[in-house]
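Reviewing the structure listed below.
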Amino acid sequence: MDKKTLYVIFVGFAIVMLAGQILSYATEPYRHETSSWENGDGTVGYSISSNTSSEYGVVMIDVGSVLVPDKLLIYYDETYKARLSHDYLRILKDIVCSELEIHGVDYEMVNAEELLERIQGDISISKQSFRLFFMTGAIPNILYDCTKDSPLMKWLEQGGVVYWVNGVIGRNISSVSGLTECEGYGQLLFGIPDSNISMGTEGDIYAGEKSLHFDRLRDLDIIYNDCTYGINTESITDEYLSIGYTAEGLDSLVLSKYHNGEGMIVNFGGKVVTSSAPTIAKVIASKITHDSNIVYSEGGRLRFSEVRGDITVDTTKDYVLYIWIGYPVQIFSRTFTYY
Amino acid sequence: MACIRERFAENQLFSRMNGTLLKIAIIGIVIRLALIPFAFSFDASFWIITGAGFESNRTLYESGNFYYLPPFGYILAVLTAIWSLLPFESGTLALELVSGSNFSSVPYTMVTSLSFNLFYSIPLTIFDLISSWLVYSIVLEKTDSRRKANLGFALFFLSPLIIWSSSIAYMFDSLSAMFMLITIYALMKDQYGLAGASLALATLTKVFPILISFAVLLYVISKNETIRSTLRNLAVFLSGFVASAIFIMLPVFLKGEMGRSLIFLSSRAEESAQATGGLNLIDLILYPMPDKIFVVMPFLLFMIVLSTFLIFLSKGDNDKKLVMASLMSVTMFFLFPPISTYPVIAIPLLALAAVYYGEKLWLIPWVLFSVLMPIHAIAIFGNTILYPLAAGTGLFDLQTMVNGYYGFLQTLYTIQGYTLLALYVPAVSCLVIAAYSFMKPYRSNQYG
């Protein structure tokens with residue numbers, strides 16, 4: 001082999017890598033679009049297009065009695081203690097936000113003071129303008145004191161929606177100086193003893209057995225089996241959906257009506273890690289509720305073209321249309337609300 | 001037609017290609033094609049997730065699933081662009097794989113499709129072919145023996161470890177090996193800038209080729225007669241290295257993703273710190289899990305420096321010393337049992353040692369690395385490598401296979417314990433053969 005050939009091989013690979021750099025850092029070569037509209041004749045139309053050859057899915061969800069706002073507030077405040085290190089949470093926060101962005105979720109990070117202000121604002125107008133995501137494993141003491149009179153519980157009472165991950169829901173209260181634990185959170189949130197919510201174990205608890213309502217929202221392809229901080233749903237008397245997996249009597253993913261009001265709590269029984277972030281984002285994006293049913297589901301493959309369709313709906317009901325592109329990993333999704 | 005034939009004959013590649021070489025290449029390709037239904041979907045799934053990240057217009061590290069430095073990631077971006085045009089599924093999420101053993105993430109629940117396996121095996125096979133061709137060319141140039149060159153080609157292209165790595169594990173170690181071979185070949189041809197640039201790419205692809213840097217330094221020193229030419233050539237080498245590293249890392253740096261691109265190092269160090277807490281020597285030797293390697297790193301580096309020094313202190317041809325010092329540097333690092341595909345970079349060096357350096361004993365570690373590494377991998381993966389066959393063809397029931405895997409898991413753990421210990425053998429055999437070769441001239445003088 002002469003010198004020239006050696007250079008040709010090297011330069012050839014360098015060119016391929018340069019092309020890769022351009023594709024991944026200098027341009028946004030992939031285009032995906034969806035839209036949806038009311039036709040006025042009891043049908044909802046939709047269109048999907050992409051410049052890739054990808055699978056797509058269209059799922060119409062009857063959300064029942066809970067109306068989930070578009071806006072998502074993510075609580076993150078480094079001045080307050082968290083159950084996990086802020087170094088860890090900082091990385092995971094970015095990954096979760098990256099996932100939420102591909103699903104088109106309108107999110108905003110808020111600190112404890114800002115969150116209190118927003119909650120009080122909602123309470124003052126008796127309306128929910130946002131939903132709330134906690135991933136610090138603890139709730140700031142200015143929002144929550146383990147009683148139903150605290151601002152967060154008042155907000156839940158009037159119909160707020162909370163997504164929870166990274167610890168025992170309602171147990172840890174954070175302040176600037178540290179964490180404290182309270183009791184009676186199980187009764188407050190779900191009407192069940194604290195002992196029915198897992199305190200977590202040294203190792204993680206994963207499950208292989210499908211939970212009670214696993215098949216009900218199956219077309220959304222939500223697969224979540226971390227029961228480490230799962231809930232024993234046997235004694236829950238309020239409406240709930242358990243759509244994950246179950247092990248040791250603990251359910252991994254539970255959507256439940258707030259015991260003392262109209263709101264909803266979505267409990268992920270595990271923690272935010274890189275591999276769980278896409279599923280968490282999908283649950284948030286699809287706006288599913290404890291009263292949800294899939295009324296229409298359709299899918300296929302996009303071949304660099306537009307797919308259009310119409311779905312017949314009952315105009316007296318509230319729906320969410322969730323359209324996604326990409327399988328087995330979703331690369332784009334959008335949610336359209338028909339409340 | 002005659003004209004085309006003449007053109008082919010004029011072309012250096014085709015004129016050098018002979019019947020035997022062609023047969024070896026075809027056999028290797030056929031074996032790889034036959035293995036398409038077999039894949040370790042877990043590792044392959046990371047390419048799918050990273051590819052999906054690209055298709056979401058995210059960067060290499062934004063979706064948080066690429067745990068290497070960027071070179072292969074850039075190639076992956078190009079492959080994704082091609083794949084996104086093809087009407088095939090990359091895989092399926094199989095509920096049968098959801099178990100109490102792992103989190104139900106995509107890597108643990110996905111089974112790759114046969115079309116994905118075929119598509120991704122193409123670039124990996126190309127890396128294998130180019131690496132094999134480089135071994136062939138070095139041997140042919142140095143020995144002028146086509147028979148030996150063919151053997152060198154076969155020792156890389158048909159090595160079970162190389163085939164395992166690129167066709168079942170879907171790992172890109174042979175890309176790193178290819179750049180390392182370009183480094184060695186370029187040094188032999190006094191192309192110091194290219195050698196430096198290629199070593200940077202090799203190291204940024206997978207870190208192990210950096211191990212030969214001390215051998216490279218001694219090679220340049222011993223090859224150049226004056227200090228001035230030594231310094232000049234080292235400066236050219238370093239310039240190539242730095243330029244290449246900047247070329248690769250610049251987009252990542254500008255995007256503020258340097259920390260994320262290096263996360264594989266910090267996470268491995270963290271794992272190692274956890275794994276080695278309260279560890280004693282017996283535990284270390286009997287349970288040599290890869291995450292404990294940081295404990296023995298000083299010893300391994302000492303062995304690399306020592307063996308490199310001894311090789312360059314001996315008499316003989318500088319190019320052969322470069323090959324042998326590189327071989328010892330790489331294999332001494334594997335004295336502590338590595339993850340199965342890591343020794344891919346040792347295979348071309350063993351091939352060169354056997355056919356160019358001319359010591360047939362080096363075929364022993366070639367066999368040991370080539371066979372024991374895949375055996376250990378099979379002991380870890382069990383029948384999971386058959387999942388794509390089951391999901392893609394319906395020849396077997398996936399649930400039955402999953403049940404079989406878990407039913408056999410305890411036995412697999414026991415087997416893994418033994419096969420892991422067996423992984424000491426290949427590198428130790430290198431040490432023994434090196435010592436034997438080193439002593440050979442002295443014995444010849446004494447008795448001959």
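Convention: chains lettered A, B, ... in structure tokens order; per-chain residue numbering from 1; ligands numbered from 1 as shown.
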* To do: Return as number ranges by chain the full set of residues in range 30-253 of chain A whose backbone-based DSSP assignment is alpha helix (DSSP H).
  => A: 86-102, 112-125, 151-157, 185-190
For chain B against chain A, with a cut-off of 6 Å and counting only C-alpha atoms, what is the closest atom pair and its distance in Å to one decimal for every residue that makes the cut, ordered by chain and number, as CSV?
residue,atom,partner,partner_atom,distance
B:Ala52,CA,A:Ile331,CA,5.7
B:Glu55,CA,A:Tyr30,CA,5.8
B:Ser56,CA,A:Ile331,CA,4.9
B:Asn57,CA,A:Glu28,CA,5.2
B:Thr59,CA,A:Ser24,CA,5.1
B:Tyr74,CA,A:Gly20,CA,4.1
B:Ile75,CA,A:Met17,CA,5.6
B:Ala77,CA,A:Gly20,CA,4.9
B:Val78,CA,A:Gly20,CA,5.2
B:Ser84,CA,A:Thr52,CA,5.1
B:Leu85,CA,A:Ser53,CA,5.3
B:Pro87,CA,A:Ser53,CA,5.7
B:Thr92,CA,A:Pro328,CA,5.9
B:Val98,CA,A:Gly208,CA,5.4
B:Ser99,CA,A:Gly208,CA,3.9
B:Gly100,CA,A:Ala207,CA,4.3
B:Ser104,CA,A:Asn225,CA,5.7
B:Ser105,CA,A:Ser275,CA,5.5
B:Ser137,CA,A:Met1,CA,5.6
Could you write out that same residue set with N, CA, C and O atoms as a PDB file, in the first residue's frame?
ATOM      1  N   ALA B  52     -32.374   7.854  17.046  1.00  0.00           N
ATOM      2  CA  ALA B  52     -33.670   8.525  17.251  1.00  0.00           C
ATOM      3  C   ALA B  52     -33.446   9.945  17.754  1.00  0.00           C
ATOM      4  O   ALA B  52     -34.185  10.867  17.394  1.00  0.00           O
ATOM      5  N   GLU B  55     -32.752  11.987  14.830  1.00  0.00           N
ATOM      6  CA  GLU B  55     -33.994  12.224  14.065  1.00  0.00           C
ATOM      7  C   GLU B  55     -34.917  13.226  14.756  1.00  0.00           C
ATOM      8  O   GLU B  55     -35.856  13.734  14.154  1.00  0.00           O
ATOM      9  N   SER B  56     -34.663  13.462  16.056  1.00  0.00           N
ATOM     10  CA  SER B  56     -35.394  14.520  16.767  1.00  0.00           C
ATOM     11  C   SER B  56     -34.641  15.838  16.675  1.00  0.00           C
ATOM     12  O   SER B  56     -34.920  16.771  17.431  1.00  0.00           O
ATOM     13  N   ASN B  57     -33.622  15.863  15.803  1.00  0.00           N
ATOM     14  CA  ASN B  57     -32.767  17.050  15.646  1.00  0.00           C
ATOM     15  C   ASN B  57     -32.016  17.395  16.937  1.00  0.00           C
ATOM     16  O   ASN B  57     -31.772  18.561  17.234  1.00  0.00           O
ATOM     17  N   THR B  59     -28.510  16.700  19.383  1.00  0.00           N
ATOM     18  CA  THR B  59     -27.098  16.432  19.125  1.00  0.00           C
ATOM     19  C   THR B  59     -26.730  15.041  19.650  1.00  0.00           C
ATOM     20  O   THR B  59     -27.560  14.343  20.233  1.00  0.00           O
ATOM     21  N   TYR B  74     -20.376  10.349  15.098  1.00  0.00           N
ATOM     22  CA  TYR B  74     -20.521  11.082  13.832  1.00  0.00           C
ATOM     23  C   TYR B  74     -20.863  10.115  12.696  1.00  0.00           C
ATOM     24  O   TYR B  74     -21.684  10.429  11.826  1.00  0.00           O
ATOM     25  N   ILE B  75     -20.213   8.961  12.705  1.00  0.00           N
ATOM     26  CA  ILE B  75     -20.530   7.956  11.674  1.00  0.00           C
ATOM     27  C   ILE B  75     -21.987   7.511  11.837  1.00  0.00           C
ATOM     28  O   ILE B  75     -22.721   7.333  10.861  1.00  0.00           O
ATOM     29  N   ALA B  77     -24.394   9.306  12.903  1.00  0.00           N
ATOM     30  CA  ALA B  77     -25.276  10.368  12.367  1.00  0.00           C
ATOM     31  C   ALA B  77     -25.477  10.178  10.867  1.00  0.00           C
ATOM     32  O   ALA B  77     -26.588  10.359  10.353  1.00  0.00           O
ATOM     33  N   VAL B  78     -24.408   9.791  10.178  1.00  0.00           N
ATOM     34  CA  VAL B  78     -24.513   9.556   8.733  1.00  0.00           C
ATOM     35  C   VAL B  78     -25.357   8.305   8.475  1.00  0.00           C
ATOM     36  O   VAL B  78     -26.236   8.298   7.598  1.00  0.00           O
ATOM     37  N   SER B  84     -32.911   6.554   7.890  1.00  0.00           N
ATOM     38  CA  SER B  84     -34.196   7.249   7.980  1.00  0.00           C
ATOM     39  C   SER B  84     -34.918   7.285   6.630  1.00  0.00           C
ATOM     40  O   SER B  84     -36.104   7.606   6.565  1.00  0.00           O
ATOM     41  N   LEU B  85     -34.183   6.965   5.564  1.00  0.00           N
ATOM     42  CA  LEU B  85     -34.814   6.927   4.239  1.00  0.00           C
ATOM     43  C   LEU B  85     -35.362   5.539   3.905  1.00  0.00           C
ATOM     44  O   LEU B  85     -36.111   5.378   2.947  1.00  0.00           O
ATOM     45  N   PRO B  87     -37.419   1.937   4.365  1.00  0.00           N
ATOM     46  CA  PRO B  87     -38.735   1.619   4.926  1.00  0.00           C
ATOM     47  C   PRO B  87     -38.709   0.428   5.888  1.00  0.00           C
ATOM     48  O   PRO B  87     -39.514  -0.491   5.780  1.00  0.00           O
ATOM     49  N   THR B  92     -38.365  -3.927  17.822  1.00  0.00           N
ATOM     50  CA  THR B  92     -39.670  -3.926  18.464  1.00  0.00           C
ATOM     51  C   THR B  92     -39.494  -3.939  19.978  1.00  0.00           C
ATOM     52  O   THR B  92     -38.509  -4.481  20.473  1.00  0.00           O
ATOM     53  N   VAL B  98     -39.888  -7.672  29.650  1.00  0.00           N
ATOM     54  CA  VAL B  98     -40.051  -6.926  30.906  1.00  0.00           C
ATOM     55  C   VAL B  98     -39.984  -7.930  32.047  1.00  0.00           C
ATOM     56  O   VAL B  98     -40.720  -8.916  32.068  1.00  0.00           O
ATOM     57  N   SER B  99     -39.085  -7.685  32.979  1.00  0.00           N
ATOM     58  CA  SER B  99     -38.897  -8.661  34.061  1.00  0.00           C
ATOM     59  C   SER B  99     -38.542  -7.944  35.351  1.00  0.00           C
ATOM     60  O   SER B  99     -38.312  -6.731  35.368  1.00  0.00           O
ATOM     61  N   GLY B 100     -38.503  -8.728  36.404  1.00  0.00           N
ATOM     62  CA  GLY B 100     -38.121  -8.177  37.701  1.00  0.00           C
ATOM     63  C   GLY B 100     -36.637  -7.930  37.827  1.00  0.00           C
ATOM     64  O   GLY B 100     -36.168  -7.464  38.869  1.00  0.00           O
ATOM     65  N   SER B 104     -37.577  -1.398  32.767  1.00  0.00           N
ATOM     66  CA  SER B 104     -38.176  -1.664  31.452  1.00  0.00           C
ATOM     67  C   SER B 104     -37.823  -0.577  30.435  1.00  0.00           C
ATOM     68  O   SER B 104     -38.686  -0.073  29.733  1.00  0.00           O
ATOM     69  N   SER B 105     -36.560  -0.219  30.376  1.00  0.00           N
ATOM     70  CA  SER B 105     -36.131   0.806  29.424  1.00  0.00           C
ATOM     71  C   SER B 105     -36.008   0.184  28.037  1.00  0.00           C
ATOM     72  O   SER B 105     -36.063  -1.047  27.892  1.00  0.00           O
ATOM     73  N   SER B 137      -1.358  -5.512   3.891  1.00  0.00           N
ATOM     74  CA  SER B 137      -0.410  -4.627   3.201  1.00  0.00           C
ATOM     75  C   SER B 137       0.907  -4.509   3.959  1.00  0.00           C
ATOM     76  O   SER B 137       1.982  -4.508   3.358  1.00  0.00           O
TER      77      SER B 137
END
* Asked: If you count only C-alpha atoms, which residues fall within 8 Å of Asn260 in chain A, apart from same-chain ones fewer than 6 positions away, as a PyMOL selection string?
  -> chain A and resi 148+157+188-189
Selected residues written out with all heavy atoms, as a compact mmCIF listing (two decimals), in the first residue's frame:
# COMPACT_ATOMS: atom_id res chain seq x y z
N LYS A 148 -54.06 19.21 54.71
CA LYS A 148 -54.81 19.57 53.51
C LYS A 148 -55.04 21.07 53.37
O LYS A 148 -55.61 21.53 52.39
CB LYS A 148 -56.14 18.81 53.45
CG LYS A 148 -57.09 19.08 54.57
CD LYS A 148 -58.35 18.23 54.33
CE LYS A 148 -59.37 18.52 55.43
NZ LYS A 148 -60.59 17.75 55.23
N GLU A 157 -56.85 20.26 45.61
CA GLU A 157 -58.27 20.10 45.96
C GLU A 157 -59.17 20.68 44.86
O GLU A 157 -60.18 20.11 44.51
CB GLU A 157 -58.53 20.82 47.29
CG GLU A 157 -59.90 20.60 47.86
CD GLU A 157 -60.09 21.40 49.16
OE1 GLU A 157 -59.12 21.58 49.91
OE2 GLU A 157 -61.21 21.86 49.39
N LEU A 188 -53.66 11.51 53.46
CA LEU A 188 -53.93 12.82 52.87
C LEU A 188 -54.09 12.74 51.35
O LEU A 188 -55.04 13.28 50.78
CB LEU A 188 -52.77 13.77 53.22
CG LEU A 188 -52.81 15.17 52.62
CD1 LEU A 188 -53.97 15.97 53.21
CD2 LEU A 188 -51.49 15.90 52.88
N LEU A 189 -53.18 12.02 50.70
CA LEU A 189 -53.16 12.02 49.23
C LEU A 189 -54.08 10.97 48.62
O LEU A 189 -54.76 11.24 47.62
CB LEU A 189 -51.73 11.79 48.73
CG LEU A 189 -50.71 12.86 49.12
CD1 LEU A 189 -49.30 12.39 48.79
CD2 LEU A 189 -51.00 14.17 48.41
* Can you list, as a count of residues only, every protein, DNA or RNA residue that comes within 6 Å of range 212-218 of chain B when you count only C-alpha atoms, leaving out same-chain residues fewer than 4 positions away? -> 5
* Ala379 in chain B environment, 8 Å, only C-alpha atoms, sequence neighbours closer than 6 positions dropped, as a ChimeraX atom specification -> /B:412-413,415-416,419
* **Close residues, Ile169 in chain A itself excluded, 10 Å, only C-alpha atoms, min 3 positions apart in chain, as JSON, numbers by chain** => {"A": [134, 137, 138, 139, 163, 164, 165, 166, 172, 185, 186, 189, 194, 197, 198, 199, 229, 230, 231, 265, 266, 267, 268, 269]}
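Minimum atom-to-atom distances from B:Leu155, B:Ser307, B:Met188, B:Gly73 to Glu141 in chain B were compared using only C-alpha atoms, and the lowest value belongs to B:Met188.
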* **Test item: residues at most 9 Å from Leu220 in chain A, only C-alpha atoms, excluding those fewer than 3 positions along its chain, as number ranges by chain** => A: 57, 59, 217, 282-283, 286, 294, 322
Can I get the selection written as a PDB file, in the first residue's frame, with all heavy atoms?
ATOM      1  N   GLY A  57     -48.274   6.961  15.026  1.00  0.00           N
ATOM      2  CA  GLY A  57     -49.468   6.490  15.717  1.00  0.00           C
ATOM      3  C   GLY A  57     -50.378   7.668  16.038  1.00  0.00           C
ATOM      4  O   GLY A  57     -49.912   8.784  16.270  1.00  0.00           O
ATOM      5  N   VAL A  59     -53.637   8.455  18.548  1.00  0.00           N
ATOM      6  CA  VAL A  59     -54.430   7.901  19.644  1.00  0.00           C
ATOM      7  C   VAL A  59     -55.357   8.982  20.188  1.00  0.00           C
ATOM      8  O   VAL A  59     -54.904  10.043  20.610  1.00  0.00           O
ATOM      9  CB  VAL A  59     -53.508   7.376  20.779  1.00  0.00           C
ATOM     10  CG1 VAL A  59     -54.351   6.794  21.917  1.00  0.00           C
ATOM     11  CG2 VAL A  59     -52.525   6.334  20.270  1.00  0.00           C
ATOM     12  N   LEU A 217     -54.570   1.479  28.408  1.00  0.00           N
ATOM     13  CA  LEU A 217     -53.949   2.526  27.578  1.00  0.00           C
ATOM     14  C   LEU A 217     -52.781   1.945  26.780  1.00  0.00           C
ATOM     15  O   LEU A 217     -51.801   2.623  26.481  1.00  0.00           O
ATOM     16  CB  LEU A 217     -53.477   3.686  28.467  1.00  0.00           C
ATOM     17  CG  LEU A 217     -54.537   4.353  29.345  1.00  0.00           C
ATOM     18  CD1 LEU A 217     -53.927   5.453  30.196  1.00  0.00           C
ATOM     19  CD2 LEU A 217     -55.670   4.922  28.491  1.00  0.00           C
ATOM     20  N   LYS A 282     -43.455  10.928  28.025  1.00  0.00           N
ATOM     21  CA  LYS A 282     -44.599  10.463  27.226  1.00  0.00           C
ATOM     22  C   LYS A 282     -45.902  10.541  28.035  1.00  0.00           C
ATOM     23  O   LYS A 282     -46.937  10.973  27.523  1.00  0.00           O
ATOM     24  CB  LYS A 282     -44.343   9.019  26.770  1.00  0.00           C
ATOM     25  CG  LYS A 282     -45.278   8.558  25.676  1.00  0.00           C
ATOM     26  CD  LYS A 282     -45.220   7.067  25.448  1.00  0.00           C
ATOM     27  CE  LYS A 282     -43.901   6.575  24.886  1.00  0.00           C
ATOM     28  NZ  LYS A 282     -43.934   5.123  24.600  1.00  0.00           N
ATOM     29  N   VAL A 283     -45.839  10.139  29.315  1.00  0.00           N
ATOM     30  CA  VAL A 283     -47.027  10.186  30.178  1.00  0.00           C
ATOM     31  C   VAL A 283     -47.480  11.638  30.346  1.00  0.00           C
ATOM     32  O   VAL A 283     -48.671  11.952  30.259  1.00  0.00           O
ATOM     33  CB  VAL A 283     -46.724   9.536  31.550  1.00  0.00           C
ATOM     34  CG1 VAL A 283     -47.849   9.816  32.545  1.00  0.00           C
ATOM     35  CG2 VAL A 283     -46.527   8.035  31.388  1.00  0.00           C
ATOM     36  N   SER A 286     -48.907  13.057  26.918  1.00  0.00           N
ATOM     37  CA  SER A 286     -50.177  12.517  26.426  1.00  0.00           C
ATOM     38  C   SER A 286     -51.372  12.958  27.267  1.00  0.00           C
ATOM     39  O   SER A 286     -52.522  12.675  26.901  1.00  0.00           O
ATOM     40  CB  SER A 286     -50.106  10.990  26.365  1.00  0.00           C
ATOM     41  OG  SER A 286     -49.856  10.477  27.654  1.00  0.00           O
ATOM     42  N   ILE A 294     -58.975   4.946  25.771  1.00  0.00           N
ATOM     43  CA  ILE A 294     -58.627   5.181  24.368  1.00  0.00           C
ATOM     44  C   ILE A 294     -59.849   4.862  23.510  1.00  0.00           C
ATOM     45  O   ILE A 294     -60.407   3.766  23.602  1.00  0.00           O
ATOM     46  CB  ILE A 294     -57.403   4.330  23.953  1.00  0.00           C
ATOM     47  CG1 ILE A 294     -56.153   4.874  24.659  1.00  0.00           C
ATOM     48  CG2 ILE A 294     -57.220   4.345  22.433  1.00  0.00           C
ATOM     49  CD1 ILE A 294     -54.896   4.095  24.415  1.00  0.00           C
ATOM     50  N   TYR A 322     -53.361  12.381  20.743  1.00  0.00           N
ATOM     51  CA  TYR A 322     -51.907  12.252  20.874  1.00  0.00           C
ATOM     52  C   TYR A 322     -51.370  11.623  19.584  1.00  0.00           C
ATOM     53  O   TYR A 322     -51.756  10.519  19.212  1.00  0.00           O
ATOM     54  CB  TYR A 322     -51.589  11.373  22.088  1.00  0.00           C
ATOM     55  CG  TYR A 322     -50.115  11.166  22.348  1.00  0.00           C
ATOM     56  CD1 TYR A 322     -49.319  12.231  22.768  1.00  0.00           C
ATOM     57  CD2 TYR A 322     -49.516   9.921  22.195  1.00  0.00           C
ATOM     58  CE1 TYR A 322     -47.971  12.048  23.022  1.00  0.00           C
ATOM     59  CE2 TYR A 322     -48.175   9.730  22.453  1.00  0.00           C
ATOM     60  CZ  TYR A 322     -47.407  10.793  22.865  1.00  0.00           C
ATOM     61  OH  TYR A 322     -46.067  10.620  23.117  1.00  0.00           O
TER      62      TYR A 322
END
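Using only C-alpha atoms, the shortest contact distance between Glu181 in chain A and any of A:Ser256, A:Glu239, A:Arg83, A:Leu116 is found at A:Arg83.
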* Asked: Which is closest to Tyr338 in chain A among A:Ser195, A:Val44, A:Phe130, A:Tyr76, if we use only C-alpha atoms?
  -> A:Val44
* Using only C-alpha atoms, which residue out of B:Leu175, B:Ile184, B:Leu386, B:Ala377 lies closest to Leu35 in chain B? -> B:Leu386
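Note that CA of Leu124 in chain B and CA of Phe172 in chain B are 6.5 Å apart.
You can rank B:Ile378, B:Ile311, B:Ile210, B:Ala390 by their closest distance to Phe333 in chain B using only C-alpha atoms, and at the top of that list sits B:Ile210.
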